[in-house]
Amino acid sequence: MTGFATSKNRLLYMYARLAEGKLLYKQETAQLFGCSLRSIQRDIDDLRTFFHEQNERDGLTQDIIYDRTLGAYVLTPPLRNLLSNEEVFAVLKILLESRAFTRQELKPILDKLIDCCVPKTEQQRVCELIGNERLHYVEPQHKDKFLKKMWALGEAIYQQYEVIIKYRRNDGEVITRTLQPVSIMFSEFYFYLACFIVPEEREKLEFRIKDDPFPTIYRIDRIIDYKITEKHFAIPYAKRFQEGEFRKRVQFMFGGRLQKLRFYFHGVSPEYVLDRLPTARILEEDEKGLLMEAEVFGSGIDFWLKSQGETIEVISRTALPVNC
């Protein structure tokens, strides 16, 4: 390889690294390309001049600075915004605590996050911080590798294609459904597909709530086979599924009715309730405790209420018209 080619490759390597928001170590780069520190510094100066010229032309404000704390050069701001050390550590913890993935699917996710977002000098520290949790990670019992399946279903949602699924119910029976998928959500270890059963099939089925306007919910890991059809479906804007509003009201992904729940909270801090039930609000406080009210959807709320013991005292339940 000629000296010019080596110099060009080196410059492109340095530019790509800085543009991606990664740290550029002078000594490490010199060793990688077998050149002097003076050559690396000259390249940095050339890149700095290039970015300054780009700033004048495009009105941007980017510069290559030397971070003494990290002992490396960095482009600020980078062309690509990457996660900070603190942010990637938080994401790693959430992924491990969620216990949503098999070991085989989780490992490359963790490795890529660390490799792409954490400086090499900090990677060992981050690995050690999550090392124990990673070693003793307990994967879900279903052991289903579902990422590709979930992405395909997400594409069907985006394109508004009907899907045909074979689904294993709680009792082990396998059923076939033709669905109009509208959302993918996560709750309590599992990812779920929210969808509407096509009208011609829905008419043949029996539901606890007749003419239920809410979507049916299926656990994605229990979808044992699926087919994305080429048949489009359309939902009128006025009747579109509002995932955010639905998610604030549903507990544990159980179907049921929309209702207003009024209850007394006898605990120490209401923050736990307000976080668990995003629609909850405090009405007043008296000698019995805090009187609270929340809109909830489905029967899953009953499981949560039972788990709270005497901390929650339900006063009333009122069925609500559909508005979310």
# chains A, B, ... in the order shown; residues from 1 in each chain; ligands from 1
call {"tool": "select_by_dssp", "arguments": {"residues": "range 45-280 of chain A", "states": "alpha helix (DSSP H)", "output": "ChimeraX atom specification"}}
result
/A:45-58,85-98,103-117,120-135,147-159,199-202,243-249,271-276
call {"tool": "write_last_selection", "arguments": {"atoms": "C-alpha atoms", "output": "PDB file, in the first residue's frame"}}
result
ATOM      1  CA  ASP A  45      -5.421  19.854  12.241  1.00  0.00           C
ATOM      2  CA  ASP A  46      -6.547  19.145   8.664  1.00  0.00           C
ATOM      3  CA  LEU A  47      -9.847  17.733   9.914  1.00  0.00           C
ATOM      4  CA  ARG A  48     -10.331  20.691  12.231  1.00  0.00           C
ATOM      5  CA  THR A  49      -9.822  23.048   9.262  1.00  0.00           C
ATOM      6  CA  PHE A  50     -12.316  21.009   7.220  1.00  0.00           C
ATOM      7  CA  PHE A  51     -14.991  21.255   9.916  1.00  0.00           C
ATOM      8  CA  HIS A  52     -14.383  25.003  10.303  1.00  0.00           C
ATOM      9  CA  GLU A  53     -14.918  25.452   6.558  1.00  0.00           C
ATOM     10  CA  GLN A  54     -18.088  23.370   6.807  1.00  0.00           C
ATOM     11  CA  ASN A  55     -19.256  25.583   9.660  1.00  0.00           C
ATOM     12  CA  GLU A  56     -18.875  28.719   7.569  1.00  0.00           C
ATOM     13  CA  ARG A  57     -20.707  27.170   4.627  1.00  0.00           C
ATOM     14  CA  ASP A  58     -23.559  25.432   6.497  1.00  0.00           C
ATOM     15  CA  ASN A  85     -22.057   6.643  29.561  1.00  0.00           C
ATOM     16  CA  GLU A  86     -24.812   7.331  32.064  1.00  0.00           C
ATOM     17  CA  GLU A  87     -27.555   6.802  29.492  1.00  0.00           C
ATOM     18  CA  VAL A  88     -26.165   3.544  28.105  1.00  0.00           C
ATOM     19  CA  PHE A  89     -25.668   2.204  31.647  1.00  0.00           C
ATOM     20  CA  ALA A  90     -29.320   2.961  32.442  1.00  0.00           C
ATOM     21  CA  VAL A  91     -30.464   1.223  29.238  1.00  0.00           C
ATOM     22  CA  LEU A  92     -28.328  -1.843  30.026  1.00  0.00           C
ATOM     23  CA  LYS A  93     -29.842  -2.066  33.505  1.00  0.00           C
ATOM     24  CA  ILE A  94     -33.380  -1.775  32.140  1.00  0.00           C
ATOM     25  CA  LEU A  95     -32.753  -4.505  29.566  1.00  0.00           C
ATOM     26  CA  LEU A  96     -31.364  -6.863  32.212  1.00  0.00           C
ATOM     27  CA  GLU A  97     -34.129  -6.125  34.703  1.00  0.00           C
ATOM     28  CA  SER A  98     -36.878  -6.530  32.114  1.00  0.00           C
ATOM     29  CA  ARG A 103     -29.832 -15.062  26.546  1.00  0.00           C
ATOM     30  CA  GLN A 104     -29.066 -15.596  22.870  1.00  0.00           C
ATOM     31  CA  GLU A 105     -30.899 -12.412  21.850  1.00  0.00           C
ATOM     32  CA  LEU A 106     -29.881 -10.280  24.814  1.00  0.00           C
ATOM     33  CA  LYS A 107     -26.109 -10.858  24.613  1.00  0.00           C
ATOM     34  CA  PRO A 108     -25.492  -9.145  21.235  1.00  0.00           C
ATOM     35  CA  ILE A 109     -27.743  -6.236  22.251  1.00  0.00           C
ATOM     36  CA  LEU A 110     -25.667  -5.619  25.385  1.00  0.00           C
ATOM     37  CA  ASP A 111     -22.368  -6.061  23.530  1.00  0.00           C
ATOM     38  CA  LYS A 112     -23.338  -3.661  20.731  1.00  0.00           C
ATOM     39  CA  LEU A 113     -24.539  -0.982  23.135  1.00  0.00           C
ATOM     40  CA  ILE A 114     -21.279  -1.131  25.058  1.00  0.00           C
ATOM     41  CA  ASP A 115     -19.093  -1.237  21.940  1.00  0.00           C
ATOM     42  CA  CYS A 116     -20.894   1.569  20.108  1.00  0.00           C
ATOM     43  CA  CYS A 117     -21.661   3.958  22.943  1.00  0.00           C
ATOM     44  CA  LYS A 120     -12.890   1.904  25.247  1.00  0.00           C
ATOM     45  CA  THR A 121     -11.337   3.230  28.451  1.00  0.00           C
ATOM     46  CA  GLU A 122     -14.712   2.877  30.211  1.00  0.00           C
ATOM     47  CA  GLN A 123     -15.930  -0.381  28.665  1.00  0.00           C
ATOM     48  CA  GLN A 124     -14.265  -2.609  31.251  1.00  0.00           C
ATOM     49  CA  ARG A 125     -15.848  -0.627  34.068  1.00  0.00           C
ATOM     50  CA  VAL A 126     -19.321  -0.859  32.526  1.00  0.00           C
ATOM     51  CA  CYS A 127     -18.901  -4.592  31.923  1.00  0.00           C
ATOM     52  CA  GLU A 128     -17.959  -5.074  35.561  1.00  0.00           C
ATOM     53  CA  LEU A 129     -20.931  -2.996  36.752  1.00  0.00           C
ATOM     54  CA  ILE A 130     -23.389  -5.284  34.956  1.00  0.00           C
ATOM     55  CA  GLY A 131     -21.256  -8.425  35.162  1.00  0.00           C
ATOM     56  CA  ASN A 132     -23.092 -10.099  38.041  1.00  0.00           C
ATOM     57  CA  GLU A 133     -26.538  -9.467  36.604  1.00  0.00           C
ATOM     58  CA  ARG A 134     -25.380 -10.667  33.212  1.00  0.00           C
ATOM     59  CA  LEU A 135     -23.886 -13.850  34.655  1.00  0.00           C
ATOM     60  CA  LEU A 147     -37.056 -10.131  17.699  1.00  0.00           C
ATOM     61  CA  LYS A 148     -37.392 -10.867  13.965  1.00  0.00           C
ATOM     62  CA  LYS A 149     -41.030 -11.822  14.459  1.00  0.00           C
ATOM     63  CA  MET A 150     -41.733  -8.623  16.387  1.00  0.00           C
ATOM     64  CA  TRP A 151     -40.032  -6.501  13.703  1.00  0.00           C
ATOM     65  CA  ALA A 152     -42.086  -8.164  10.956  1.00  0.00           C
ATOM     66  CA  LEU A 153     -45.281  -7.468  12.903  1.00  0.00           C
ATOM     67  CA  GLY A 154     -44.125  -3.888  13.427  1.00  0.00           C
ATOM     68  CA  GLU A 155     -43.718  -3.527   9.660  1.00  0.00           C
ATOM     69  CA  ALA A 156     -47.248  -4.858   9.204  1.00  0.00           C
ATOM     70  CA  ILE A 157     -48.503  -2.184  11.605  1.00  0.00           C
ATOM     71  CA  TYR A 158     -46.647   0.526   9.693  1.00  0.00           C
ATOM     72  CA  GLN A 159     -47.863  -0.683   6.297  1.00  0.00           C
ATOM     73  CA  PRO A 199     -65.057  -8.325  11.167  1.00  0.00           C
ATOM     74  CA  GLU A 200     -65.938 -11.543   9.313  1.00  0.00           C
ATOM     75  CA  GLU A 201     -64.117 -13.645  11.948  1.00  0.00           C
ATOM     76  CA  ARG A 202     -65.155 -11.527  14.909  1.00  0.00           C
ATOM     77  CA  GLU A 243     -51.620   3.702  22.195  1.00  0.00           C
ATOM     78  CA  GLY A 244     -50.502   6.277  24.753  1.00  0.00           C
ATOM     79  CA  GLU A 245     -53.982   6.765  26.191  1.00  0.00           C
ATOM     80  CA  PHE A 246     -54.643   3.026  26.233  1.00  0.00           C
ATOM     81  CA  ARG A 247     -51.283   2.282  27.871  1.00  0.00           C
ATOM     82  CA  LYS A 248     -51.994   4.696  30.735  1.00  0.00           C
ATOM     83  CA  ARG A 249     -55.125   2.769  31.655  1.00  0.00           C
ATOM     84  CA  GLU A 271     -45.937   8.145  44.432  1.00  0.00           C
ATOM     85  CA  TYR A 272     -46.057   4.379  43.942  1.00  0.00           C
ATOM     86  CA  VAL A 273     -49.761   4.537  43.057  1.00  0.00           C
ATOM     87  CA  LEU A 274     -49.353   7.586  40.816  1.00  0.00           C
ATOM     88  CA  ASP A 275     -46.557   5.862  38.906  1.00  0.00           C
ATOM     89  CA  ARG A 276     -48.421   2.560  38.635  1.00  0.00           C
TER      90      ARG A 276
END
call {"tool": "residues_around", "arguments": {"residues": "range 189-197 of chain A", "least_positions_apart": "5", "cutoff": "7 Å", "atoms": "only C-alpha atoms", "output": "MDAnalysis selection string"}}
result
chainID A and resid 98:100 178:184 202 215:220
call {"tool": "residues_around", "arguments": {"residues": "range 17-22 of chain A", "least_positions_apart": "3", "cutoff": "12 Å", "atoms": "only C-alpha atoms", "output": "compact mmCIF listing (two decimals) with N, CA and C atoms, in the first residue's frame"}}
result
# COMPACT_ATOMS: atom_id res chain seq x y z
N ARG A 10 -6.15 6.55 6.73
CA ARG A 10 -6.03 7.03 8.11
C ARG A 10 -6.96 8.22 8.34
N LEU A 11 -6.99 9.14 7.39
CA LEU A 11 -7.82 10.33 7.51
C LEU A 11 -9.31 9.96 7.51
N LEU A 12 -9.67 9.03 6.61
CA LEU A 12 -11.06 8.59 6.56
C LEU A 12 -11.47 7.87 7.84
N TYR A 13 -10.57 7.07 8.38
CA TYR A 13 -10.83 6.38 9.64
C TYR A 13 -11.07 7.37 10.77
N MET A 14 -10.23 8.39 10.85
CA MET A 14 -10.35 9.39 11.91
C MET A 14 -11.64 10.20 11.77
N TYR A 25 -8.14 8.46 20.00
CA TYR A 25 -6.93 8.44 20.82
C TYR A 25 -5.71 8.57 19.91
N THR A 29 -4.17 5.54 17.54
CA THR A 29 -4.30 5.68 16.09
C THR A 29 -2.94 5.60 15.40
N ILE A 44 -5.32 15.67 12.40
CA ILE A 44 -6.33 16.31 13.26
C ILE A 44 -6.49 17.77 12.88
N LEU A 47 -8.42 17.99 9.68
CA LEU A 47 -9.85 17.73 9.91
C LEU A 47 -10.51 18.92 10.60
N ARG A 48 -9.79 19.52 11.53
CA ARG A 48 -10.33 20.69 12.23
C ARG A 48 -10.58 21.83 11.24
N PHE A 51 -13.74 21.00 9.19
CA PHE A 51 -14.99 21.25 9.92
C PHE A 51 -15.25 22.76 10.05
N GLN A 62 -19.26 23.17 14.78
CA GLN A 62 -18.62 21.91 15.17
C GLN A 62 -17.12 22.12 15.26
N ASP A 63 -16.52 21.44 16.22
CA ASP A 63 -15.08 21.59 16.40
C ASP A 63 -14.52 20.31 17.00
N ILE A 64 -13.26 20.05 16.71
CA ILE A 64 -12.56 18.93 17.32
C ILE A 64 -11.81 19.47 18.54
N ILE A 65 -12.17 18.96 19.70
CA ILE A 65 -11.52 19.43 20.93
C ILE A 65 -10.82 18.27 21.62
N TYR A 66 -9.85 18.62 22.45
CA TYR A 66 -9.15 17.61 23.22
C TYR A 66 -9.72 17.58 24.63
N LEU A 70 -10.66 12.60 29.43
CA LEU A 70 -10.69 11.32 28.72
C LEU A 70 -9.38 11.02 28.00
N ALA A 72 -8.50 12.16 25.03
CA ALA A 72 -8.82 11.84 23.64
C ALA A 72 -9.44 13.05 22.96
N TYR A 73 -9.46 13.01 21.63
CA TYR A 73 -10.11 14.06 20.84
C TYR A 73 -11.56 13.64 20.57
N VAL A 74 -12.44 14.64 20.50
CA VAL A 74 -13.85 14.38 20.26
C VAL A 74 -14.44 15.51 19.42
N LEU A 75 -15.37 15.17 18.54
CA LEU A 75 -16.07 16.17 17.73
C LEU A 75 -17.31 16.61 18.48
N THR A 76 -17.46 17.91 18.69
CA THR A 76 -18.61 18.43 19.41
C THR A 76 -19.34 19.48 18.58
N PRO A 77 -20.65 19.35 18.38
CA PRO A 77 -21.38 18.09 18.64
C PRO A 77 -21.10 17.10 17.53
N PRO A 78 -21.26 15.78 17.78
CA PRO A 78 -21.01 14.78 16.73
C PRO A 78 -22.08 14.85 15.65
N LEU A 79 -21.77 14.29 14.49
CA LEU A 79 -22.77 14.23 13.44
C LEU A 79 -23.90 13.30 13.82
N ARG A 80 -23.58 12.30 14.63
CA ARG A 80 -24.60 11.39 15.17
C ARG A 80 -24.62 11.52 16.67
N ASN A 81 -25.80 11.74 17.22
CA ASN A 81 -25.93 11.80 18.66
C ASN A 81 -25.94 10.39 19.24
N LEU A 82 -24.99 10.10 20.11
CA LEU A 82 -24.91 8.80 20.74
C LEU A 82 -25.26 8.91 22.22
N LEU A 83 -25.52 7.78 22.83
CA LEU A 83 -25.84 7.77 24.26
C LEU A 83 -24.60 8.10 25.08
N SER A 84 -24.79 8.80 26.17
CA SER A 84 -23.69 9.06 27.11
C SER A 84 -23.45 7.81 27.94
N ASN A 85 -22.35 7.79 28.70
CA ASN A 85 -22.06 6.64 29.56
C ASN A 85 -23.21 6.39 30.52
N ILE A 114 -22.54 -1.47 24.40
CA ILE A 114 -21.28 -1.13 25.06
C ILE A 114 -20.22 -0.74 24.03
N ASP A 115 -20.12 -1.50 22.95
CA ASP A 115 -19.09 -1.24 21.94
C ASP A 115 -19.33 0.08 21.21
N CYS A 116 -20.59 0.39 20.91
CA CYS A 116 -20.89 1.57 20.11
C CYS A 116 -20.97 2.85 20.93
N CYS A 117 -21.34 2.74 22.18
CA CYS A 117 -21.66 3.96 22.94
C CYS A 117 -20.73 4.25 24.10
N VAL A 118 -19.90 3.30 24.49
CA VAL A 118 -19.02 3.51 25.65
C VAL A 118 -17.57 3.60 25.18
N PRO A 119 -16.83 4.63 25.59
CA PRO A 119 -15.41 4.73 25.24
C PRO A 119 -14.64 3.49 25.68
N LYS A 120 -13.63 3.12 24.93
CA LYS A 120 -12.89 1.90 25.25
C LYS A 120 -12.32 1.93 26.66
N THR A 121 -11.91 3.12 27.11
CA THR A 121 -11.34 3.23 28.45
C THR A 121 -12.36 2.96 29.54
call {"tool": "residues_around", "arguments": {"residues": "Phe265 in chain A", "least_positions_apart": "6", "cutoff": "9 Å", "atoms": "only C-alpha atoms", "output": "PyMOL selection string"}}
result
chain A and resi 273+288-292+310-314
call {"tool": "atom_distance", "arguments": {"atom1": "CA of Tyr161 in chain A", "atom2": "CA of Ile235 in chain A"}}
result
11.7 Å
call {"tool": "select_by_dssp", "arguments": {"residues": "range 187-297 of chain A", "states": "strand (DSSP E)", "output": "JSON, numbers by chain"}}
result
{"A": [187, 190, 191, 192, 193, 194, 195, 196, 197, 216, 217, 218, 219, 223, 224, 225, 226, 227, 228, 229, 230, 231, 232, 258, 259, 260, 261, 262, 263, 264, 265, 281, 282, 283, 284, 285, 286, 289, 290, 291, 292, 293, 294, 295, 296, 297]}
call {"tool": "residues_around", "arguments": {"residues": "Asp302 in chain A", "least_positions_apart": "5", "cutoff": "10 Å", "atoms": "only C-alpha atoms", "output": "PyMOL selection string"}}
result
chain A and resi 251-252+307
call {"tool": "write_last_selection", "arguments": {"atoms": "N, CA, C and O atoms", "output": "PDB file, in the first residue's frame"}}
result
ATOM      1  N   GLN A 251     -53.684  -2.476  32.805  1.00  0.00           N
ATOM      2  CA  GLN A 251     -52.807  -3.099  33.793  1.00  0.00           C
ATOM      3  C   GLN A 251     -52.620  -4.573  33.442  1.00  0.00           C
ATOM      4  O   GLN A 251     -53.581  -5.307  33.260  1.00  0.00           O
ATOM      5  N   PHE A 252     -51.380  -4.997  33.324  1.00  0.00           N
ATOM      6  CA  PHE A 252     -51.030  -6.394  33.099  1.00  0.00           C
ATOM      7  C   PHE A 252     -51.619  -6.969  31.808  1.00  0.00           C
ATOM      8  O   PHE A 252     -51.747  -8.174  31.660  1.00  0.00           O
ATOM      9  N   SER A 307     -52.923  -7.444  45.473  1.00  0.00           N
ATOM     10  CA  SER A 307     -51.538  -7.492  45.950  1.00  0.00           C
ATOM     11  C   SER A 307     -51.212  -6.366  46.934  1.00  0.00           C
ATOM     12  O   SER A 307     -50.193  -6.417  47.622  1.00  0.00           O
TER      13      SER A 307
END
call {"tool": "residues_around", "arguments": {"residues": "Ile175 in chain A", "least_positions_apart": "3", "cutoff": "7 Å", "atoms": "only C-alpha atoms", "output": "count of residues only"}}
result
3
call {"tool": "closest_residue", "arguments": {"among": "A:Ser7, A:Thr229, A:Gln259, A:Thr102", "to": "Arg42 in chain A", "atoms": "only C-alpha atoms"}}
result
A:Ser7
call {"tool": "atom_distance", "arguments": {"atom1": "CA of Arg169 in chain A", "atom2": "CA of Ile223 in chain A"}}
result
9.2 Å
call {"tool": "closest_residue", "arguments": {"among": "A:Ser269, A:Ser299, A:Gln31, A:Thr6", "to": "Val250 in chain A", "atoms": "only C-alpha atoms"}}
result
A:Ser299
call {"tool": "closest_residue", "arguments": {"among": "A:Lys260, A:His142, A:His266, A:His232", "to": "Asp286 in chain A", "atoms": "only C-alpha atoms"}}
result
A:His266
call {"tool": "closest_residue", "arguments": {"among": "A:Phe254, A:Phe214, A:Phe33, A:Phe303", "to": "Pro321 in chain A", "atoms": "only C-alpha atoms"}}
result
A:Phe214
call {"tool": "residues_around", "arguments": {"residues": "Ile228 in chain A", "least_positions_apart": "2", "cutoff": "7 Å", "atoms": "only C-alpha atoms", "output": "ChimeraX atom specification"}}
result
/A:156,161-164,226,230
call {"tool": "decode", "arguments": {"residues": "range 8-19 of chain A", "atoms": "all heavy atoms", "output": "short mmCIF file (atom, residue, chain, number, x, y, z; two decimals), in the first residue's frame"}}
result
data_model
loop_
_atom_site.label_atom_id
_atom_site.label_comp_id
_atom_site.auth_asym_id
_atom_site.auth_seq_id
_atom_site.Cartn_x
_atom_site.Cartn_y
_atom_site.Cartn_z
N LYS A 8 -4.58 8.47 3.30
CA LYS A 8 -6.00 8.68 3.00
C LYS A 8 -6.87 7.79 3.87
O LYS A 8 -7.89 8.25 4.42
CB LYS A 8 -6.26 8.40 1.52
CG LYS A 8 -7.70 8.66 1.10
CD LYS A 8 -7.88 8.51 -0.40
CE LYS A 8 -7.66 7.09 -0.84
NZ LYS A 8 -7.94 6.89 -2.27
N ASN A 9 -6.51 6.53 4.00
CA ASN A 9 -7.29 5.60 4.83
C ASN A 9 -7.30 6.06 6.29
O ASN A 9 -8.32 5.94 6.98
CB ASN A 9 -6.72 4.19 4.74
CG ASN A 9 -6.95 3.57 3.37
OD1 ASN A 9 -7.81 4.04 2.61
ND2 ASN A 9 -6.16 2.56 3.04
N ARG A 10 -6.15 6.55 6.73
CA ARG A 10 -6.03 7.03 8.11
C ARG A 10 -6.96 8.22 8.34
O ARG A 10 -7.67 8.28 9.36
CB ARG A 10 -4.58 7.41 8.39
CG ARG A 10 -4.31 7.81 9.83
CD ARG A 10 -2.83 8.06 10.01
NE ARG A 10 -2.41 9.28 9.33
CZ ARG A 10 -1.33 9.38 8.56
NH1 ARG A 10 -0.57 8.31 8.33
NH2 ARG A 10 -1.00 10.52 7.99
N LEU A 11 -6.99 9.14 7.39
CA LEU A 11 -7.82 10.33 7.51
C LEU A 11 -9.31 9.96 7.51
O LEU A 11 -10.09 10.50 8.29
CB LEU A 11 -7.50 11.29 6.37
CG LEU A 11 -7.88 12.76 6.57
CD1 LEU A 11 -7.16 13.36 7.75
CD2 LEU A 11 -7.57 13.56 5.31
N LEU A 12 -9.67 9.03 6.61
CA LEU A 12 -11.06 8.59 6.56
C LEU A 12 -11.47 7.87 7.84
O LEU A 12 -12.59 8.04 8.34
CB LEU A 12 -11.27 7.65 5.36
CG LEU A 12 -11.22 8.32 3.98
CD1 LEU A 12 -11.23 7.27 2.87
CD2 LEU A 12 -12.40 9.28 3.81
N TYR A 13 -10.57 7.07 8.38
CA TYR A 13 -10.83 6.38 9.64
C TYR A 13 -11.07 7.37 10.77
O TYR A 13 -12.03 7.24 11.54
CB TYR A 13 -9.64 5.47 9.99
CG TYR A 13 -9.65 4.95 11.40
CD1 TYR A 13 -10.40 3.83 11.76
CD2 TYR A 13 -8.91 5.60 12.40
CE1 TYR A 13 -10.40 3.36 13.06
CE2 TYR A 13 -8.91 5.14 13.71
CZ TYR A 13 -9.66 4.02 14.03
OH TYR A 13 -9.67 3.56 15.33
N MET A 14 -10.23 8.39 10.85
CA MET A 14 -10.35 9.39 11.91
C MET A 14 -11.64 10.20 11.77
O MET A 14 -12.33 10.49 12.75
CB MET A 14 -9.11 10.30 11.90
CG MET A 14 -7.83 9.56 12.25
SD MET A 14 -6.31 10.52 11.92
CE MET A 14 -6.49 11.85 13.10
N TYR A 15 -11.95 10.54 10.52
CA TYR A 15 -13.18 11.31 10.27
C TYR A 15 -14.41 10.49 10.68
O TYR A 15 -15.31 11.00 11.36
CB TYR A 15 -13.28 11.68 8.79
CG TYR A 15 -14.61 12.31 8.42
CD1 TYR A 15 -14.85 13.66 8.64
CD2 TYR A 15 -15.65 11.52 7.90
CE1 TYR A 15 -16.07 14.23 8.32
CE2 TYR A 15 -16.87 12.08 7.58
CZ TYR A 15 -17.08 13.44 7.79
OH TYR A 15 -18.29 13.99 7.49
N ALA A 16 -14.43 9.21 10.25
CA ALA A 16 -15.58 8.37 10.56
C ALA A 16 -15.76 8.19 12.06
O ALA A 16 -16.87 8.24 12.58
CB ALA A 16 -15.43 7.00 9.88
N ARG A 17 -14.66 8.02 12.76
CA ARG A 17 -14.73 7.82 14.21
C ARG A 17 -15.26 9.06 14.91
O ARG A 17 -16.12 8.98 15.78
CB ARG A 17 -13.35 7.44 14.74
CG ARG A 17 -13.37 6.98 16.17
CD ARG A 17 -12.08 6.32 16.58
NE ARG A 17 -12.19 5.78 17.93
CZ ARG A 17 -12.72 4.60 18.22
NH1 ARG A 17 -13.16 3.83 17.25
NH2 ARG A 17 -12.81 4.19 19.47
N LEU A 18 -14.74 10.22 14.52
CA LEU A 18 -15.20 11.47 15.13
C LEU A 18 -16.66 11.75 14.78
O LEU A 18 -17.44 12.19 15.62
CB LEU A 18 -14.31 12.63 14.68
CG LEU A 18 -12.88 12.63 15.23
CD1 LEU A 18 -12.02 13.61 14.46
CD2 LEU A 18 -12.87 12.98 16.72
N ALA A 19 -17.03 11.51 13.53
CA ALA A 19 -18.39 11.78 13.08
C ALA A 19 -19.41 10.94 13.82
O ALA A 19 -20.55 11.36 14.05
CB ALA A 19 -18.51 11.54 11.58
#
